[in-house]
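So this block is target-v8.cif, mmCIF, C-alpha atoms:
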data_target
loop_
_atom_site.label_atom_id
_atom_site.label_comp_id
_atom_site.auth_asym_id
_atom_site.auth_seq_id
_atom_site.Cartn_x
_atom_site.Cartn_y
_atom_site.Cartn_z
CA MET A 1 -38.47 -125.26 -48.28
CA LYS A 2 -39.74 -126.87 -45.06
CA LYS A 3 -38.81 -130.53 -44.59
CA LYS A 4 -42.09 -132.40 -44.39
CA PHE A 5 -42.79 -135.11 -41.84
CA SER A 6 -45.70 -136.81 -40.13
CA VAL A 7 -45.98 -137.93 -36.52
CA LEU A 8 -47.39 -141.28 -35.39
CA VAL A 9 -48.72 -141.61 -31.84
CA SER A 10 -49.50 -145.17 -30.79
CA LYS A 11 -49.01 -145.18 -27.00
CA LYS A 12 -50.71 -143.27 -24.22
CA ILE A 13 -48.66 -140.99 -22.04
CA LYS A 14 -47.89 -142.38 -18.57
CA LYS A 15 -48.38 -140.40 -15.37
CA PHE A 16 -45.85 -137.60 -14.94
CA LYS A 17 -44.76 -134.91 -12.51
CA LYS A 18 -42.64 -132.30 -14.25
CA VAL A 19 -41.51 -128.66 -14.33
CA ILE A 20 -41.21 -127.11 -17.80
CA THR A 21 -40.98 -123.84 -19.70
CA VAL A 22 -42.52 -123.19 -23.11
CA GLU A 23 -41.41 -120.90 -25.92
CA SER A 24 -41.85 -117.14 -25.95
CA ASP A 25 -45.10 -115.38 -26.74
CA LYS A 26 -45.70 -115.19 -30.48
CA SER A 27 -48.10 -112.22 -30.40
CA ILE A 28 -45.63 -110.05 -28.48
CA SER A 29 -42.68 -111.23 -30.62
CA HIS A 30 -44.43 -109.99 -33.79
CA ARG A 31 -45.49 -106.70 -32.24
CA SER A 32 -42.13 -105.91 -30.63
CA LEU A 33 -40.32 -106.22 -33.97
CA LEU A 34 -42.89 -104.20 -35.92
CA ILE A 35 -43.16 -101.39 -33.35
CA ALA A 36 -39.35 -101.27 -32.87
CA SER A 37 -39.02 -100.65 -36.62
CA GLN A 38 -40.90 -97.34 -36.15
CA CYS A 39 -38.86 -96.14 -33.16
CA VAL A 40 -35.82 -93.89 -33.30
CA GLY A 41 -32.66 -95.78 -32.30
CA PRO A 42 -31.98 -99.38 -31.26
CA SER A 43 -34.44 -101.61 -29.40
CA SER A 44 -33.20 -104.69 -27.54
CA ILE A 45 -35.64 -107.63 -27.42
CA GLU A 46 -34.73 -110.64 -25.28
CA ASN A 47 -36.22 -114.15 -25.70
CA ILE A 48 -37.93 -113.46 -29.00
CA LEU A 49 -39.71 -116.52 -30.42
CA GLU A 50 -37.60 -118.32 -33.04
CA SER A 51 -40.56 -119.62 -35.04
CA GLU A 52 -41.13 -119.45 -38.80
CA ASP A 53 -43.88 -116.83 -38.41
CA VAL A 54 -41.65 -114.50 -36.39
CA LYS A 55 -38.66 -115.09 -38.69
CA ASN A 56 -40.89 -113.98 -41.59
CA THR A 57 -41.65 -110.77 -39.67
CA ALA A 58 -37.93 -110.06 -39.26
CA ASN A 59 -37.29 -110.90 -42.94
CA CYS A 60 -40.04 -108.53 -44.13
CA LEU A 61 -38.63 -105.70 -42.01
CA LYS A 62 -35.10 -106.33 -43.30
CA LYS A 63 -36.40 -106.11 -46.87
CA LEU A 64 -37.96 -102.77 -45.93
CA GLY A 65 -34.52 -101.48 -44.91
CA VAL A 66 -34.61 -102.15 -41.15
CA LYS A 67 -31.33 -103.38 -39.68
CA ILE A 68 -31.89 -106.35 -37.33
CA ILE A 69 -29.08 -108.34 -35.70
CA LYS A 70 -28.91 -111.15 -33.16
CA LYS A 71 -26.56 -110.76 -30.21
CA ASN A 72 -26.52 -113.64 -27.72
CA LYS A 73 -30.18 -114.08 -26.67
CA LYS A 74 -31.11 -110.57 -27.74
CA THR A 75 -32.48 -109.25 -31.02
CA ILE A 76 -31.44 -105.67 -31.75
CA VAL A 77 -33.72 -103.67 -34.07
CA TYR A 78 -32.33 -100.38 -35.39
CA GLY A 79 -35.37 -98.21 -36.09
CA SER A 80 -35.25 -95.00 -38.10
CA GLY A 81 -38.57 -93.54 -36.95
CA LEU A 82 -42.12 -93.31 -38.28
CA GLY A 83 -42.63 -93.83 -42.01
CA SER A 84 -39.00 -94.81 -42.55
CA PHE A 85 -39.42 -97.99 -44.64
CA LYS A 86 -37.48 -98.20 -47.88
CA LYS A 87 -38.55 -99.75 -51.16
CA PRO A 88 -37.99 -103.54 -51.02
CA LYS A 89 -36.46 -105.50 -53.86
CA ASN A 90 -39.12 -106.23 -56.52
CA ASN A 91 -41.68 -104.37 -54.34
CA PHE A 92 -42.56 -107.74 -52.81
CA LEU A 93 -42.93 -109.21 -49.28
CA TYR A 94 -43.62 -112.84 -48.29
CA THR A 95 -45.56 -113.33 -45.05
CA GLY A 96 -45.73 -117.13 -44.99
CA ASN A 97 -48.50 -118.56 -42.80
CA SER A 98 -48.89 -115.56 -40.52
CA GLY A 99 -52.19 -113.66 -40.49
CA THR A 100 -50.84 -111.49 -37.65
CA LEU A 101 -47.78 -110.38 -39.64
CA THR A 102 -49.84 -109.75 -42.78
CA ARG A 103 -52.52 -107.63 -41.14
CA LEU A 104 -50.15 -105.68 -38.91
CA ILE A 105 -47.62 -104.90 -41.64
CA PHE A 106 -50.49 -103.68 -43.83
CA GLY A 107 -51.18 -101.23 -40.98
CA LEU A 108 -47.61 -99.90 -41.05
CA LEU A 109 -47.46 -99.75 -44.85
CA ALA A 110 -50.76 -97.84 -45.06
CA THR A 111 -49.04 -94.55 -44.14
CA GLN A 112 -45.70 -95.15 -45.92
CA SER A 113 -45.92 -92.77 -48.87
CA ASP A 114 -44.23 -93.57 -52.20
CA LEU A 115 -44.36 -97.31 -51.51
CA LYS A 116 -46.48 -99.72 -53.52
CA ILE A 117 -45.83 -103.25 -52.24
CA LYS A 118 -47.24 -106.67 -53.12
CA ILE A 119 -47.81 -109.09 -50.23
CA LEU A 120 -48.04 -112.84 -50.70
CA GLY A 121 -48.51 -115.67 -48.20
CA ASP A 122 -48.42 -119.46 -48.33
CA SER A 123 -51.24 -121.51 -49.87
CA SER A 124 -53.26 -121.41 -46.63
CA LEU A 125 -52.86 -117.70 -45.89
CA ASN A 126 -53.67 -116.80 -49.50
CA LYS A 127 -57.20 -118.17 -48.96
CA ARG A 128 -57.93 -116.08 -45.84
CA ASP A 129 -60.20 -113.08 -46.24
CA MET A 130 -58.47 -109.72 -45.72
CA LYS A 131 -61.64 -107.65 -46.09
CA ARG A 132 -61.69 -106.89 -42.38
CA ILE A 133 -58.37 -105.05 -42.74
CA ILE A 134 -58.88 -103.54 -46.21
CA LYS A 135 -61.97 -101.59 -45.14
CA PRO A 136 -60.53 -99.62 -42.17
CA LEU A 137 -57.15 -98.98 -43.80
CA SER A 138 -58.77 -97.78 -47.06
CA LYS A 139 -60.77 -95.34 -44.91
CA ILE A 140 -57.46 -93.80 -43.77
CA GLY A 141 -56.50 -93.20 -47.42
CA CYS A 142 -54.31 -96.06 -48.69
CA ASN A 143 -55.25 -98.18 -51.72
CA PHE A 144 -55.37 -101.93 -52.33
CA TYR A 145 -55.00 -103.63 -55.70
CA PRO A 146 -56.58 -105.42 -57.53
CA GLU A 147 -59.70 -103.49 -56.55
CA ASN A 148 -62.53 -105.57 -55.01
CA LYS A 149 -60.15 -108.48 -54.29
CA SER A 150 -60.00 -109.54 -50.63
CA THR A 151 -57.44 -112.37 -50.60
CA LEU A 152 -53.66 -112.40 -51.03
CA PRO A 153 -51.71 -111.65 -53.12
CA LEU A 154 -52.62 -107.99 -52.64
CA THR A 155 -50.73 -104.80 -53.41
CA ILE A 156 -50.96 -101.92 -50.94
CA GLU A 157 -50.17 -98.33 -51.89
CA GLY A 158 -49.48 -96.13 -48.86
CA THR A 159 -50.86 -92.61 -48.57
CA SER A 160 -48.85 -89.44 -47.93
CA MET A 161 -51.94 -87.76 -46.43
CA PRO A 162 -53.51 -90.20 -43.96
CA LEU A 163 -56.70 -89.01 -42.28
CA ALA A 164 -57.44 -89.74 -38.63
CA GLN A 165 -60.76 -91.58 -38.37
CA LYS A 166 -63.07 -93.20 -35.84
CA HIS A 167 -63.17 -96.95 -36.42
CA TYR A 168 -65.64 -99.52 -35.10
CA GLU A 169 -64.06 -102.95 -34.64
CA LYS A 170 -66.99 -105.33 -34.10
CA ILE A 171 -65.32 -108.74 -34.58
CA GLY A 172 -63.18 -108.74 -31.45
CA SER A 173 -60.04 -109.06 -33.56
CA ALA A 174 -56.78 -107.94 -31.94
CA GLN A 175 -55.15 -108.08 -35.38
CA VAL A 176 -57.56 -105.55 -36.89
CA LYS A 177 -57.40 -103.27 -33.84
CA SER A 178 -53.58 -103.43 -33.84
CA ALA A 179 -53.31 -102.73 -37.58
CA ILE A 180 -55.43 -99.58 -37.17
CA LEU A 181 -53.29 -98.43 -34.23
CA LEU A 182 -50.04 -99.07 -36.14
CA ALA A 183 -51.40 -96.99 -39.03
CA GLY A 184 -52.41 -94.35 -36.47
CA LEU A 185 -48.82 -93.95 -35.26
CA ASN A 186 -47.96 -92.07 -38.46
CA THR A 187 -51.34 -90.35 -38.93
CA PRO A 188 -51.76 -86.70 -37.81
CA GLY A 189 -54.55 -86.08 -35.30
CA ILE A 190 -56.33 -88.56 -33.08
CA THR A 191 -57.18 -92.05 -34.36
CA GLN A 192 -60.12 -93.55 -32.44
CA VAL A 193 -60.88 -97.26 -32.23
CA LYS A 194 -64.09 -98.43 -30.57
CA ALA A 195 -63.52 -102.16 -30.13
CA ARG A 196 -64.67 -105.26 -28.35
CA ARG A 197 -62.20 -106.47 -25.74
CA SER A 198 -59.42 -108.57 -27.27
CA ARG A 199 -55.68 -109.10 -26.78
CA ASP A 200 -54.14 -105.81 -25.71
CA HIS A 201 -50.41 -106.48 -26.22
CA THR A 202 -50.19 -103.67 -28.79
CA GLU A 203 -51.64 -101.13 -26.36
CA ASN A 204 -49.38 -102.38 -23.53
CA LEU A 205 -46.24 -102.05 -25.65
CA LEU A 206 -47.24 -98.63 -26.96
CA ASN A 207 -47.77 -97.49 -23.37
CA ILE A 208 -44.31 -98.75 -22.37
CA ILE A 209 -42.67 -96.63 -25.09
CA LYS A 210 -44.79 -93.61 -24.13
CA ALA A 211 -46.96 -93.33 -27.23
CA ASP A 212 -49.79 -90.80 -26.79
CA LEU A 213 -52.42 -93.48 -26.10
CA LYS A 214 -55.51 -93.52 -23.89
CA VAL A 215 -57.92 -96.40 -23.30
CA LYS A 216 -61.43 -95.66 -22.00
CA LYS A 217 -63.48 -98.59 -20.78
CA GLU A 218 -67.14 -98.62 -21.72
CA LYS A 219 -69.94 -101.08 -20.85
CA LYS A 220 -69.15 -103.74 -23.45
CA ASP A 221 -66.46 -102.12 -25.55
CA GLN A 222 -63.46 -99.90 -25.08
CA LEU A 223 -62.51 -96.66 -26.80
CA ILE A 224 -58.83 -96.30 -27.72
CA LEU A 225 -57.49 -92.85 -28.57
CA LEU A 226 -54.07 -92.50 -30.24
CA ARG A 227 -52.50 -89.18 -31.18
CA GLY A 228 -50.19 -89.85 -34.12
CA GLN A 229 -46.87 -88.56 -35.40
CA LYS A 230 -45.22 -88.47 -31.98
CA ASN A 231 -41.59 -89.62 -32.10
CA LEU A 232 -41.06 -92.97 -30.37
CA PHE A 233 -37.70 -94.14 -29.08
CA GLY A 234 -35.95 -97.53 -28.82
CA PHE A 235 -36.85 -99.75 -25.88
CA ASN A 236 -35.72 -102.84 -23.95
CA LEU A 237 -38.07 -105.82 -23.64
CA SER A 238 -37.95 -109.41 -22.39
CA ILE A 239 -40.68 -111.74 -23.65
CA SER A 240 -42.29 -114.36 -21.39
CA GLY A 241 -43.75 -117.77 -22.31
CA ASP A 242 -46.75 -118.05 -24.63
CA PRO A 243 -50.00 -119.14 -22.89
CA SER A 244 -51.17 -120.69 -26.18
CA SER A 245 -48.03 -122.86 -26.21
CA ALA A 246 -48.70 -123.86 -22.59
CA ALA A 247 -52.25 -124.95 -23.51
CA PRO A 248 -51.47 -128.44 -24.96
CA PHE A 249 -49.50 -129.34 -21.82
CA ILE A 250 -52.33 -128.11 -19.60
CA ILE A 251 -54.85 -130.32 -21.44
CA LEU A 252 -52.57 -133.37 -21.25
CA THR A 253 -52.00 -132.93 -17.50
CA LEU A 254 -55.71 -132.50 -16.74
CA LEU A 255 -56.73 -135.61 -18.69
CA ALA A 256 -53.75 -137.90 -17.95
CA THR A 257 -53.79 -140.14 -14.87
CA ASN A 258 -52.36 -138.88 -11.54
CA SER A 259 -50.20 -136.21 -13.16
CA LYS A 260 -48.86 -132.80 -12.12
CA LEU A 261 -47.20 -130.05 -14.10
CA PHE A 262 -45.61 -126.71 -13.22
CA ILE A 263 -45.07 -124.31 -16.15
CA LYS A 264 -42.76 -121.39 -15.39
CA ASN A 265 -42.73 -117.78 -16.62
CA ILE A 266 -45.98 -117.60 -18.64
CA ASN A 267 -47.66 -114.43 -19.87
CA CYS A 268 -50.87 -114.25 -17.81
CA ASN A 269 -52.51 -111.27 -19.52
CA PRO A 270 -56.28 -111.53 -18.72
CA THR A 271 -57.07 -111.30 -22.45
CA ARG A 272 -55.14 -114.58 -22.93
CA LEU A 273 -56.63 -116.61 -20.06
CA GLY A 274 -60.01 -117.52 -21.55
CA PHE A 275 -58.76 -121.09 -22.08
CA ILE A 276 -57.87 -121.48 -18.40
CA ASN A 277 -61.08 -119.81 -17.22
CA ILE A 278 -63.19 -122.14 -19.39
CA LEU A 279 -61.32 -125.18 -18.07
CA LYS A 280 -61.85 -124.01 -14.48
CA LYS A 281 -65.59 -123.99 -15.18
CA MET A 282 -65.10 -127.63 -16.24
CA ASN A 283 -63.64 -128.35 -12.75
CA ALA A 284 -59.97 -128.15 -13.77
CA ASP A 285 -57.37 -127.89 -10.99
CA ILE A 286 -55.29 -124.99 -12.37
CA LYS A 287 -53.61 -122.33 -10.26
CA ILE A 288 -51.62 -119.23 -11.28
CA LYS A 289 -48.80 -118.46 -8.85
CA ASN A 290 -46.22 -115.71 -8.24
CA LEU A 291 -47.98 -113.21 -10.49
CA LYS A 292 -45.83 -110.15 -11.24
CA LYS A 293 -45.91 -107.36 -13.81
CA LYS A 294 -43.01 -107.40 -16.27
CA TYR A 295 -42.68 -104.96 -19.17
CA GLY A 296 -46.36 -104.02 -18.94
CA GLU A 297 -47.61 -107.64 -18.92
CA PRO A 298 -48.65 -109.87 -15.97
CA VAL A 299 -46.36 -112.93 -15.78
CA GLY A 300 -46.67 -115.96 -13.50
CA ASN A 301 -46.26 -119.71 -13.09
CA ILE A 302 -49.07 -122.19 -13.80
CA SER A 303 -49.67 -125.27 -11.63
CA ILE A 304 -51.88 -128.07 -13.06
CA LYS A 305 -53.12 -131.37 -11.58
CA SER A 306 -55.11 -134.22 -13.15
CA SER A 307 -58.82 -133.45 -12.78
CA SER A 308 -62.22 -135.03 -13.24
CA LEU A 309 -63.65 -132.63 -15.81
CA ARG A 310 -67.33 -131.78 -16.31
CA SER A 311 -69.10 -130.94 -19.57
CA ILE A 312 -69.73 -127.25 -20.18
CA LYS A 313 -71.96 -124.72 -21.83
CA CYS A 314 -69.16 -122.32 -22.72
CA PRO A 315 -69.91 -118.67 -21.81
CA LYS A 316 -69.83 -116.52 -24.96
CA ASN A 317 -68.03 -113.71 -23.16
CA LEU A 318 -64.93 -115.92 -22.78
CA VAL A 319 -64.73 -116.87 -26.48
CA PRO A 320 -62.57 -113.92 -27.71
CA TYR A 321 -59.97 -114.75 -25.04
CA ALA A 322 -59.59 -118.41 -26.05
CA ILE A 323 -59.91 -118.39 -29.84
CA ASP A 324 -56.60 -120.16 -30.56
CA GLU A 325 -57.15 -122.84 -27.91
CA PHE A 326 -60.60 -124.08 -28.96
CA PRO A 327 -59.29 -127.19 -30.79
CA LEU A 328 -57.79 -128.29 -27.44
CA LEU A 329 -61.02 -127.44 -25.60
CA PHE A 330 -62.89 -129.63 -28.10
CA ILE A 331 -60.51 -132.51 -27.27
CA ALA A 332 -61.25 -132.01 -23.56
CA ALA A 333 -65.01 -131.94 -24.23
CA ALA A 334 -64.79 -135.09 -26.39
CA LEU A 335 -63.17 -137.04 -23.53
CA THR A 336 -65.51 -135.68 -20.83
CA LYS A 337 -68.85 -137.33 -20.06
CA GLY A 338 -71.89 -135.27 -21.04
CA ILE A 339 -72.84 -132.72 -23.69
CA SER A 340 -70.67 -129.63 -24.13
CA LYS A 341 -71.86 -126.63 -26.12
CA PHE A 342 -69.77 -123.84 -27.63
CA ASN A 343 -71.53 -120.80 -29.13
CA GLY A 344 -70.22 -117.62 -30.76
CA ILE A 345 -67.24 -119.39 -32.34
CA SER A 346 -67.71 -118.50 -36.05
CA GLU A 347 -64.23 -116.92 -36.04
CA LEU A 348 -62.83 -120.49 -35.99
CA ARG A 349 -64.10 -120.96 -39.53
CA HIS A 350 -61.75 -118.18 -40.74
CA LYS A 351 -58.41 -119.44 -39.43
CA GLU A 352 -55.69 -121.38 -41.31
CA GLN A 353 -58.56 -123.72 -42.14
CA ASP A 354 -62.13 -124.20 -40.88
CA ARG A 355 -61.23 -125.46 -37.40
CA ILE A 356 -64.78 -126.47 -36.47
CA LYS A 357 -65.05 -128.65 -39.58
CA SER A 358 -61.55 -130.14 -39.12
CA MET A 359 -62.11 -131.03 -35.46
CA GLU A 360 -65.53 -132.51 -36.17
CA LYS A 361 -64.16 -134.69 -38.96
CA GLY A 362 -61.41 -136.17 -36.78
CA LEU A 363 -63.62 -136.67 -33.72
CA ASN A 364 -66.45 -138.22 -35.76
CA GLN A 365 -64.02 -140.80 -37.16
CA ILE A 366 -63.38 -142.21 -33.67
CA GLY A 367 -67.07 -142.24 -32.75
CA ILE A 368 -67.49 -138.89 -30.98
CA LYS A 369 -70.84 -137.38 -32.00
CA THR A 370 -71.01 -133.69 -32.83
CA LYS A 371 -73.46 -131.18 -34.25
CA SER A 372 -72.49 -127.78 -35.60
CA THR A 373 -73.83 -124.57 -37.13
CA ASN A 374 -71.78 -121.74 -38.62
CA ASP A 375 -71.39 -120.27 -35.12
CA SER A 376 -71.63 -123.23 -32.74
CA LEU A 377 -70.50 -126.78 -31.92
CA LYS A 378 -72.09 -129.41 -29.69
CA ILE A 379 -69.93 -132.34 -28.58
CA ILE A 380 -71.29 -135.47 -26.91
CA GLY A 381 -68.33 -136.57 -24.80
CA ASN A 382 -67.27 -140.18 -24.23
CA PRO A 383 -64.33 -140.81 -21.84
CA ASN A 384 -64.32 -144.49 -22.85
CA VAL A 385 -63.79 -143.91 -26.58
CA ARG A 386 -61.11 -145.99 -28.34
CA ILE A 387 -59.36 -145.64 -31.70
CA LYS A 388 -60.14 -148.87 -33.55
CA LYS A 389 -58.17 -148.22 -36.74
CA VAL A 390 -55.45 -145.70 -37.54
CA LEU A 391 -56.88 -142.17 -37.40
CA LYS A 392 -55.24 -140.08 -40.12
CA ILE A 393 -55.27 -136.32 -39.65
CA PHE A 394 -54.43 -133.83 -42.41
CA PRO A 395 -53.98 -130.43 -40.73
CA LYS A 396 -52.57 -128.85 -43.92
CA GLU A 397 -50.96 -125.60 -42.64
CA ASP A 398 -52.90 -125.43 -39.35
CA HIS A 399 -50.55 -125.92 -36.38
CA ARG A 400 -53.40 -125.78 -33.82
CA ILE A 401 -55.16 -128.76 -35.40
CA ALA A 402 -51.89 -130.74 -35.50
CA MET A 403 -51.15 -130.09 -31.81
CA ALA A 404 -54.73 -130.85 -30.70
CA PHE A 405 -54.78 -134.30 -32.32
CA PHE A 406 -51.27 -135.03 -31.03
CA CYS A 407 -52.70 -134.52 -27.52
CA LEU A 408 -55.67 -136.75 -28.32
CA GLY A 409 -53.23 -139.49 -29.38
CA GLN A 410 -51.41 -139.23 -26.04
CA LEU A 411 -54.69 -139.77 -24.16
CA LEU A 412 -56.27 -142.70 -26.04
CA ASP A 413 -55.49 -146.31 -26.89
CA GLY A 414 -54.93 -146.71 -30.62
CA LYS A 415 -52.97 -144.96 -33.36
CA ILE A 416 -53.13 -141.42 -34.72
CA GLU A 417 -50.99 -140.31 -37.65
CA ILE A 418 -50.75 -136.55 -38.18
CA ASP A 419 -49.60 -135.45 -41.62
CA ASN A 420 -47.51 -132.31 -42.31
CA PHE A 421 -46.55 -131.95 -38.65
CA GLN A 422 -43.78 -129.51 -39.61
CA THR A 423 -46.51 -126.85 -39.68
CA VAL A 424 -46.18 -126.68 -35.86
CA ASN A 425 -42.84 -124.88 -36.42
CA THR A 426 -44.79 -121.75 -37.38
CA SER A 427 -45.56 -121.16 -33.69
CA PHE A 428 -43.77 -123.72 -31.50
CA PRO A 429 -40.54 -125.19 -32.97
CA LYS A 430 -39.67 -127.01 -29.72
CA PHE A 431 -43.12 -128.60 -29.30
CA LEU A 432 -41.97 -132.21 -29.73
CA ILE A 433 -38.82 -131.68 -27.64
CA THR A 434 -40.92 -130.28 -24.77
CA MET A 435 -43.45 -133.10 -25.14
CA LYS A 436 -40.62 -135.63 -24.74
CA LYS A 437 -39.67 -133.94 -21.46
CA ILE A 438 -43.04 -134.86 -19.93
CA GLY A 439 -42.88 -138.43 -21.30
CA ALA A 440 -44.84 -138.26 -24.57
CA ILE A 441 -44.09 -141.16 -26.91
CA PHE A 442 -44.27 -140.69 -30.69
CA GLU A 443 -42.57 -141.63 -33.94
CA ILE A 444 -41.43 -139.18 -36.61
CA LYS A 445 -41.93 -140.30 -40.21
CA LYS A 446 -39.95 -138.21 -42.69
CA LYS A 447 -41.18 -137.57 -46.22
CA ASN A 448 -39.16 -137.22 -49.40
#
Structure encoded using structure tokens:
Amino acid sequence: MKKKFSVLVSKKIKKFKKVITVESDKSISHRSLLIASQCVGPSSIENILESEDVKNTANCLKKLGVKIIKKNKKTIVYGSGLGSFKKPKNNFLYTGNSGTLTRLIFGLLATQSDLKIKILGDSSLNKRDMKRIIKPLSKIGCNFYPENKSTLPLTIEGTSMPLAQKHYEKIGSAQVKSAILLAGLNTPGITQVKARRSRDHTENLLNIIKADLKVKKEKKDQLILLRGQKNLFGFNLSISGDPSSAAPFIILTLLATNSKLFIKNINCNPTRLGFINILKKMNADIKIKNLKKKYGEPVGNISIKSSSLRSIKCPKNLVPYAIDEFPLLFIAAALTKGISKFNGISELRHKEQDRIKSMEKGLNQIGIKTKSTNDSLKIIGNPNVRIKKVLKIFPKEDHRIAMAFFCLGQLLDGKIEIDNFQTVNTSFPKFLITMKKIGAIFEIKKKN
């Protein structure tokens, strides 16, 4: 049981000039464990993220018979090859708050014959629609129970005769694309995925371990071809810093007075830099330095200086590459003079909670005017806004909302109290420790 606590922010951050690192990339941590479980022999993964979401991934794999040990800073995964999962105790897996783990492990279980496994998440994850994953995996030949139900808990029954299919992924979801590819690893023939561009960490890792994978770029989409049932072998990997975890520190530096920050060893995959590219269009002083390719991913350092930001009409083509960072972009827009418009963001309504609604509610309470539709948000920024009475935020199980309002509290006069702040541990356990390093002031209030 997680120990619950809230965080009270009542003082603005003072100017700072610091060098920091942030925790390892969560997306790659999930994928490295899951893919290693299907390889033959041991895989050695260095700097894996020690968050609750990633720990749940390791726990699920252990219950499926995969041996995983920690040795110094390395995690060793002993894979037994494709389709090698064993029946877990009570035929049950708990995936916590992680949509990535849930959707990707469904992909692996889809082609594990003789297994019928129930998957359950926490109260937030159990409300999230899994239809987008049920449809393509059912097409391959697995079954989901109860029939016509699209939320957890769900039971998946793997098929012994998976059929290679051509899939059309129209949402721009890396989770859906990755789940199909993971199912394709143990499917005879060529699995085809025509998809909008989205995070490509799965493809990069599969290329490193020499899976039979080809990616063809088309005008708007890409066509991914994967020949299945090729033996994969254990690999070595070192995971760099998570750009989503760097994002709160970037926002604070840009909006704080006379401040500079240098963040070392960050994954700079182009599919993860939408947040930075949007901020640059708002006149942000952000530079990526010493860019090098490591383990199939571009990695560099990020330099940030305080900037006079401009309002923005956010280009829709950048939205898929910034989906997790939009709560922070809304904070930036709220404190920037002018009207900012964000379109094509309906995906935010299907996260841990409706992030558009949650951000609007908090911003409206301090006098920031907004207007939204299902797919858009308009924010009328006011750099002179003040918090007149204590702003109470209830992020429930949404770590992005908690971190966004923490940053707002560091930038304004007044008090913000953020309930259930322990939810941040799902992605960034050292968030508060790292915030202290740059001079953030806050008070932790423990709950019984």
Please report as JSON lines every residue of range 74-132 of chain A lying within 10 Å of range 157-172 of chain A, along with the nearest atom pair and their distance in Å (one decimal), using all atoms listed in the file.
{"residue": "A:Gly83", "atom": "CA", "partner": "A:Ser160", "partner_atom": "CA", "distance": 9.6}
{"residue": "A:Phe106", "atom": "CA", "partner": "A:Gly158", "partner_atom": "CA", "distance": 9.1}
{"residue": "A:Gly107", "atom": "CA", "partner": "A:Gly158", "partner_atom": "CA", "distance": 9.5}
{"residue": "A:Leu108", "atom": "CA", "partner": "A:Gly158", "partner_atom": "CA", "distance": 8.9}
{"residue": "A:Leu109", "atom": "CA", "partner": "A:Gly158", "partner_atom": "CA", "distance": 5.8}
{"residue": "A:Ala110", "atom": "CA", "partner": "A:Gly158", "partner_atom": "CA", "distance": 4.4}
{"residue": "A:Thr111", "atom": "CA", "partner": "A:Gly158", "partner_atom": "CA", "distance": 5.0}
{"residue": "A:Gln112", "atom": "CA", "partner": "A:Gly158", "partner_atom": "CA", "distance": 4.9}
{"residue": "A:Ser113", "atom": "CA", "partner": "A:Ser160", "partner_atom": "CA", "distance": 4.5}
{"residue": "A:Asp114", "atom": "CA", "partner": "A:Gly158", "partner_atom": "CA", "distance": 6.7}
{"residue": "A:Leu115", "atom": "CA", "partner": "A:Gly158", "partner_atom": "CA", "distance": 5.9}
{"residue": "A:Lys116", "atom": "CA", "partner": "A:Glu157", "partner_atom": "CA", "distance": 4.3}
{"residue": "A:Ile117", "atom": "CA", "partner": "A:Glu157", "partner_atom": "CA", "distance": 6.6}
{"residue": "A:Lys118", "atom": "CA", "partner": "A:Glu157", "partner_atom": "CA", "distance": 8.9}
{"residue": "A:Arg132", "atom": "CA", "partner": "A:Ile171", "partner_atom": "CA", "distance": 8.8}
For the residues selected in the previous step, produce a file with C-alpha atoms as an mmCIF file, keeping the file's coordinate frame.
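Output saved as again.cif:
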data_model
loop_
_atom_site.group_PDB
_atom_site.id
_atom_site.type_symbol
_atom_site.label_atom_id
_atom_site.label_comp_id
_atom_site.auth_asym_id
_atom_site.auth_seq_id
_atom_site.Cartn_x
_atom_site.Cartn_y
_atom_site.Cartn_z
ATOM 1 C CA GLY A 83 -42.630 -93.830 -42.010
ATOM 2 C CA PHE A 106 -50.490 -103.680 -43.830
ATOM 3 C CA GLY A 107 -51.180 -101.230 -40.980
ATOM 4 C CA LEU A 108 -47.610 -99.900 -41.050
ATOM 5 C CA LEU A 109 -47.460 -99.750 -44.850
ATOM 6 C CA ALA A 110 -50.760 -97.840 -45.060
ATOM 7 C CA THR A 111 -49.040 -94.550 -44.140
ATOM 8 C CA GLN A 112 -45.700 -95.150 -45.920
ATOM 9 C CA SER A 113 -45.920 -92.770 -48.870
ATOM 10 C CA ASP A 114 -44.230 -93.570 -52.200
ATOM 11 C CA LEU A 115 -44.360 -97.310 -51.510
ATOM 12 C CA LYS A 116 -46.480 -99.720 -53.520
ATOM 13 C CA ILE A 117 -45.830 -103.250 -52.240
ATOM 14 C CA LYS A 118 -47.240 -106.670 -53.120
ATOM 15 C CA ARG A 132 -61.690 -106.890 -42.380
#
Which one of A:Val319, A:Leu348, A:Val22, A:Leu205 sits closest to Ser427 in chain A if you count all atoms listed in the file?
A:Val22
Test item: residues at most 9 Å from Asp285 in chain A, all atoms listed in the file, excluding those fewer than 4 positions along its chain, as a count of residues only
9
Where does the PyMOL selection byres ((chain A and resi 250) around 9) land in this file, that is, which residues does it pick, as an NGL selection string?
:A and (246-249 or 251-255 or 261 or 263 or 276 or 286 or 302-305)
All residues 6 Å or closer to range 184-190 of chain A, all atoms listed in the file, same chain fewer than 6 positions away omitted, as an MDAnalysis selection string:
chainID A and resid 82 162 164 226:229
Atomic distance CA of Asn72 in chain A - CA of Pro42 in chain A, expressed in Å with one decimal:
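It comes out at 15.7 Å.
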Any chance you could resolve the PyMOL selection byres ((chain A and resi 414-416) around 12) against this file and give the residues as a VMD selection string?
chain A and resid 6 to 12 362 to 363 365 to 366 385 to 394 402 to 413 417 to 419 441 to 443
From the options A:Phe326, A:Phe16, A:Phe342, A:Phe144, which residue's atoms come nearest to Ile401 in chain A, counting only C-alpha atoms?
A:Phe326
